[in-house]
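S.K.: What follows is the file coords-v8.pdb, containing PDB, C-alpha atoms, pLDDT in the B column:
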```pdb
ATOM      1  CA  MET Y   5     185.504 -85.197 130.031  1.00 52.00           C
ATOM      2  CA  GLU Y   6     183.006 -87.281 131.938  1.00 73.00           C
ATOM      3  CA  SER Y   7     180.067 -84.878 131.900  1.00 87.00           C
ATOM      4  CA  VAL Y   8     179.089 -81.421 130.646  1.00 88.00           C
ATOM      5  CA  TYR Y   9     178.844 -80.357 134.291  1.00 90.00           C
ATOM      6  CA  ASP Y  10     182.574 -81.091 134.703  1.00 93.00           C
ATOM      7  CA  ILE Y  11     183.402 -78.553 131.984  1.00 95.00           C
ATOM      8  CA  LEU Y  12     181.493 -75.534 133.358  1.00 94.00           C
ATOM      9  CA  LYS Y  13     182.614 -74.860 136.919  1.00 94.00           C
ATOM     10  CA  ARG Y  14     180.812 -71.632 137.848  1.00 94.00           C
ATOM     11  CA  PRO Y  15     179.667 -68.301 136.400  1.00 94.00           C
ATOM     12  CA  VAL Y  16     181.850 -65.245 136.927  1.00 94.00           C
ATOM     13  CA  ILE Y  17     179.854 -62.561 138.768  1.00 93.00           C
ATOM     14  CA  THR Y  18     181.645 -59.209 138.507  1.00 93.00           C
ATOM     15  CA  GLU Y  19     180.521 -55.719 137.508  1.00 95.00           C
ATOM     16  CA  LYS Y  20     182.089 -56.093 134.076  1.00 94.00           C
ATOM     17  CA  SER Y  21     180.544 -59.515 133.402  1.00 92.00           C
ATOM     18  CA  MET Y  22     177.117 -58.367 134.633  1.00 92.00           C
ATOM     19  CA  ALA Y  23     177.254 -55.370 132.256  1.00 93.00           C
ATOM     20  CA  ALA Y  24     178.151 -57.686 129.365  1.00 92.00           C
ATOM     21  CA  MET Y  25     175.024 -59.772 129.976  1.00 91.00           C
ATOM     22  CA  GLY Y  26     173.019 -57.000 128.317  1.00 90.00           C
ATOM     23  CA  ASN Y  27     174.960 -57.754 125.113  1.00 92.00           C
ATOM     24  CA  ARG Y  28     174.212 -61.496 125.448  1.00 93.00           C
ATOM     25  CA  LYS Y  29     177.735 -62.294 126.698  1.00 95.00           C
ATOM     26  CA  TYR Y  30     178.126 -64.629 129.679  1.00 95.00           C
ATOM     27  CA  THR Y  31     181.370 -65.429 131.492  1.00 96.00           C
ATOM     28  CA  PHE Y  32     182.143 -68.827 133.028  1.00 96.00           C
ATOM     29  CA  MET Y  33     185.094 -70.445 134.767  1.00 96.00           C
ATOM     30  CA  VAL Y  34     185.741 -73.676 132.876  1.00 96.00           C
ATOM     31  CA  ASP Y  35     187.966 -76.732 133.134  1.00 95.00           C
ATOM     32  CA  ILE Y  36     191.541 -75.866 132.196  1.00 95.00           C
ATOM     33  CA  HIS Y  37     191.709 -78.698 129.625  1.00 95.00           C
ATOM     34  CA  ALA Y  38     188.362 -77.954 127.912  1.00 94.00           C
ATOM     35  CA  ASN Y  39     188.405 -76.625 124.350  1.00 94.00           C
ATOM     36  CA  LYS Y  40     185.910 -74.294 122.649  1.00 96.00           C
ATOM     37  CA  TYR Y  41     183.890 -77.124 121.110  1.00 96.00           C
ATOM     38  CA  GLU Y  42     183.392 -78.837 124.469  1.00 95.00           C
ATOM     39  CA  ILE Y  43     182.455 -75.545 126.140  1.00 96.00           C
ATOM     40  CA  LYS Y  44     179.919 -74.758 123.398  1.00 96.00           C
ATOM     41  CA  GLU Y  45     178.336 -78.203 123.711  1.00 95.00           C
ATOM     42  CA  ALA Y  46     178.151 -77.909 127.508  1.00 95.00           C
ATOM     43  CA  VAL Y  47     176.488 -74.462 127.470  1.00 95.00           C
ATOM     44  CA  GLU Y  48     173.963 -75.520 124.820  1.00 94.00           C
ATOM     45  CA  LYS Y  49     173.028 -78.715 126.699  1.00 95.00           C
ATOM     46  CA  ILE Y  50     172.831 -77.207 130.191  1.00 93.00           C
ATOM     47  CA  PHE Y  51     171.002 -73.951 129.393  1.00 93.00           C
ATOM     48  CA  GLY Y  52     169.207 -74.852 126.123  1.00 92.00           C
ATOM     49  CA  VAL Y  53     170.550 -71.849 124.171  1.00 94.00           C
ATOM     50  CA  LYS Y  54     172.343 -71.289 120.855  1.00 95.00           C
ATOM     51  CA  VAL Y  55     175.986 -70.182 121.077  1.00 95.00           C
ATOM     52  CA  GLN Y  56     177.376 -67.804 118.450  1.00 96.00           C
ATOM     53  CA  SER Y  57     181.014 -67.558 119.588  1.00 96.00           C
ATOM     54  CA  ILE Y  58     183.345 -68.349 122.466  1.00 97.00           C
ATOM     55  CA  CYS Y  59     186.486 -66.535 123.608  1.00 96.00           C
ATOM     56  CA  THR Y  60     188.734 -68.345 126.074  1.00 97.00           C
ATOM     57  CA  MET Y  61     191.659 -67.160 128.160  1.00 96.00           C
ATOM     58  CA  LYS Y  62     194.056 -68.922 130.494  1.00 96.00           C
ATOM     59  CA  MET Y  63     195.045 -67.057 133.620  1.00 94.00           C
ATOM     60  CA  GLN Y  64     198.295 -67.693 135.459  1.00 95.00           C
ATOM     61  CA  GLY Y  65     198.046 -68.403 139.168  1.00 93.00           C
ATOM     62  CA  LYS Y  66     199.070 -65.480 141.344  1.00 94.00           C
ATOM     63  CA  GLU Y  67     202.210 -65.752 143.416  1.00 94.00           C
ATOM     64  CA  LYS Y  68     201.402 -65.675 147.126  1.00 94.00           C
ATOM     65  CA  ARG Y  69     203.694 -65.459 150.116  1.00 93.00           C
ATOM     66  CA  VAL Y  70     203.171 -66.512 153.724  1.00 91.00           C
ATOM     67  CA  GLY Y  71     206.194 -65.483 155.734  1.00 92.00           C
ATOM     68  CA  VAL Y  72     209.238 -66.905 153.985  1.00 92.00           C
ATOM     69  CA  HIS Y  73     207.275 -69.511 151.996  1.00 94.00           C
ATOM     70  CA  ILE Y  74     206.417 -68.573 148.414  1.00 94.00           C
ATOM     71  CA  GLY Y  75     203.802 -70.477 146.427  1.00 94.00           C
ATOM     72  CA  ARG Y  76     201.384 -70.099 143.546  1.00 94.00           C
ATOM     73  CA  ARG Y  77     197.637 -70.327 143.267  1.00 93.00           C
ATOM     74  CA  PRO Y  78     196.455 -72.782 140.610  1.00 94.00           C
ATOM     75  CA  GLU Y  79     195.985 -71.701 136.988  1.00 95.00           C
ATOM     76  CA  SER Y  80     192.435 -71.209 135.737  1.00 95.00           C
ATOM     77  CA  LYS Y  81     190.578 -70.787 132.454  1.00 97.00           C
ATOM     78  CA  LYS Y  82     187.751 -68.372 131.687  1.00 97.00           C
ATOM     79  CA  ALA Y  83     185.318 -68.463 128.755  1.00 97.00           C
ATOM     80  CA  ILE Y  84     183.164 -65.609 127.446  1.00 97.00           C
ATOM     81  CA  VAL Y  85     180.157 -67.087 125.646  1.00 96.00           C
ATOM     82  CA  THR Y  86     178.204 -64.954 123.148  1.00 96.00           C
ATOM     83  CA  LEU Y  87     174.671 -66.085 122.330  1.00 95.00           C
ATOM     84  CA  THR Y  88     172.899 -65.713 118.986  1.00 95.00           C
ATOM     85  CA  PRO Y  89     170.334 -62.872 118.689  1.00 93.00           C
ATOM     86  CA  ASP Y  90     167.413 -65.327 118.348  1.00 93.00           C
ATOM     87  CA  SER Y  91     168.453 -67.419 121.379  1.00 91.00           C
ATOM     88  CA  LYS Y  92     166.826 -67.118 124.787  1.00 90.00           C
ATOM     89  CA  THR Y  93     168.829 -65.597 127.656  1.00 89.00           C
ATOM     90  CA  ILE Y  94     170.533 -67.520 130.465  1.00 89.00           C
ATOM     91  CA  GLU Y  95     168.932 -66.979 133.860  1.00 86.00           C
ATOM     92  CA  LEU Y  96     171.744 -67.198 136.407  1.00 79.00           C
ATOM     93  CA  PHE Y  97     169.628 -65.983 139.321  1.00 71.00           C
ATOM     94  CA  GLN Y  98     166.301 -67.752 139.695  1.00 62.00           C
ATOM     95  CA  ALA Y  99     163.580 -65.871 141.557  1.00 52.00           C
TER      96      ALA Y  99
END
```
Please express what this file holds, its structure, as structure tokens.
M.R.:
Amino acid sequence: MESVYDILKRPVITEKSMAAMGNRKYTFMVDIHANKYEIKEAVEKIFGVKVQSICTMKMQGKEKRVGVHIGRRPESKKAIVTLTPDSKTIELFQA
């Protein structure tokens, strides 16, 4: 990886992920080739927090059809990052 900003692509903003933020769990879309150690390092450097654990999952691209042509969306990878109790929170929306 060239940079820590290449590893974390964007936060996932859904009802379920927003509810998990109260339990210090944050969800990010990450690079498909990144491992847990690289994700942990990227989150700690970018946000200045302490990471307790990381759960990752690969998601298959959905099959889409336009007329008679059938194709697939690209695969993606999602990471759920849990922070330590003594760590500060991540502010995704700045006021």
S.K.: Got a sec to resolve the PyMOL selection byres ((chain Y and resi 46) around 9) on this structure and send the residues as a PyMOL selection string?
M.R.: chain Y and resi 7-9+11-12+41-45+47-51
S.K.: Measuring between all atoms listed in the file, which one of Y:Arg77, Y:Arg69, Y:Lys92, Y:Lys29 shows the shortest distance to Ser57 (chain Y)?
M.R.: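 Closest residue, counting all atoms listed in the file: Y:Lys29.
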S.K.: Find the residues with any atom within 10 Å of (179.1, -71.4, 137.4); use all atoms listed in the file and the coordinates as given in the file, and write the answer as a list of chain:residue names.
M.R.: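 Every residue inside that radius is included here: Y:Tyr9, Y:Ile11, Y:Leu12, Y:Lys13, Y:Arg14, Y:Pro15, Y:Val16, Y:Ile17, Y:Thr31, Y:Phe32, Y:Met33, Y:Val34, Y:Leu96.
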S.K.: Those residues you just picked out, can you put them in a file as a PDB file, keeping the file's coordinate frame with C-alpha atoms?
M.R.:
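Listing of selection.pdb after writing:
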```
ATOM      1  CA  TYR Y   9     178.844 -80.357 134.291  1.00 90.00           C
ATOM      2  CA  ILE Y  11     183.402 -78.553 131.984  1.00 95.00           C
ATOM      3  CA  LEU Y  12     181.493 -75.534 133.358  1.00 94.00           C
ATOM      4  CA  LYS Y  13     182.614 -74.860 136.919  1.00 94.00           C
ATOM      5  CA  ARG Y  14     180.812 -71.632 137.848  1.00 94.00           C
ATOM      6  CA  PRO Y  15     179.667 -68.301 136.400  1.00 94.00           C
ATOM      7  CA  VAL Y  16     181.850 -65.245 136.927  1.00 94.00           C
ATOM      8  CA  ILE Y  17     179.854 -62.561 138.768  1.00 93.00           C
ATOM      9  CA  THR Y  31     181.370 -65.429 131.492  1.00 96.00           C
ATOM     10  CA  PHE Y  32     182.143 -68.827 133.028  1.00 96.00           C
ATOM     11  CA  MET Y  33     185.094 -70.445 134.767  1.00 96.00           C
ATOM     12  CA  VAL Y  34     185.741 -73.676 132.876  1.00 96.00           C
ATOM     13  CA  LEU Y  96     171.744 -67.198 136.407  1.00 79.00           C
TER      14      LEU Y  96
END
```
S.K.: Smallest atom-to-atom distance to Leu87 (chain Y): which of Y:Val72, Y:Ala24, Y:Val55, Y:Ile36, using only C-alpha atoms?
M.R.: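 The shortest atom-to-atom distance to Leu87 (chain Y) comes from Y:Val55.
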S.K.: Using only C-alpha atoms for the distances, tell me which of Y:Lys20, Y:Lys81, Y:Lys66, Y:His73 is nearest to Asp35 (chain Y).
M.R.: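 Nearest candidate to Asp35 (chain Y) out of Y:Lys20, Y:Lys81, Y:Lys66, Y:His73: Y:Lys81.
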S.K.: Could you work out how far CA of Ser91 (chain Y) lies from CA of Tyr30 (chain Y), giving the answer in Å with one decimal?
M.R.: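 Separating CA of Tyr30 (chain Y) from CA of Ser91 (chain Y) is a distance of 13.0 Å.
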S.K.: Which polymer residues, protein or nucleic acid, are no farther than 8 Å from (189.1, -66.9, 124.7), counting only C-alpha atoms, as a list in words?
M.R.: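 Output of the proximity query reads Ile58, Cys59, Thr60, Met61, Lys62, Lys82, Ala83 and Ile84 of chain Y.
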S.K.: For Gly65 (chain Y), which residue out of Y:Glu95, Y:Ala23, Y:Ser80, Y:Val53 is the nearest one, using only C-alpha atoms?
M.R.: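 Answer, going by the shortest atom-to-atom distance: Y:Ser80.
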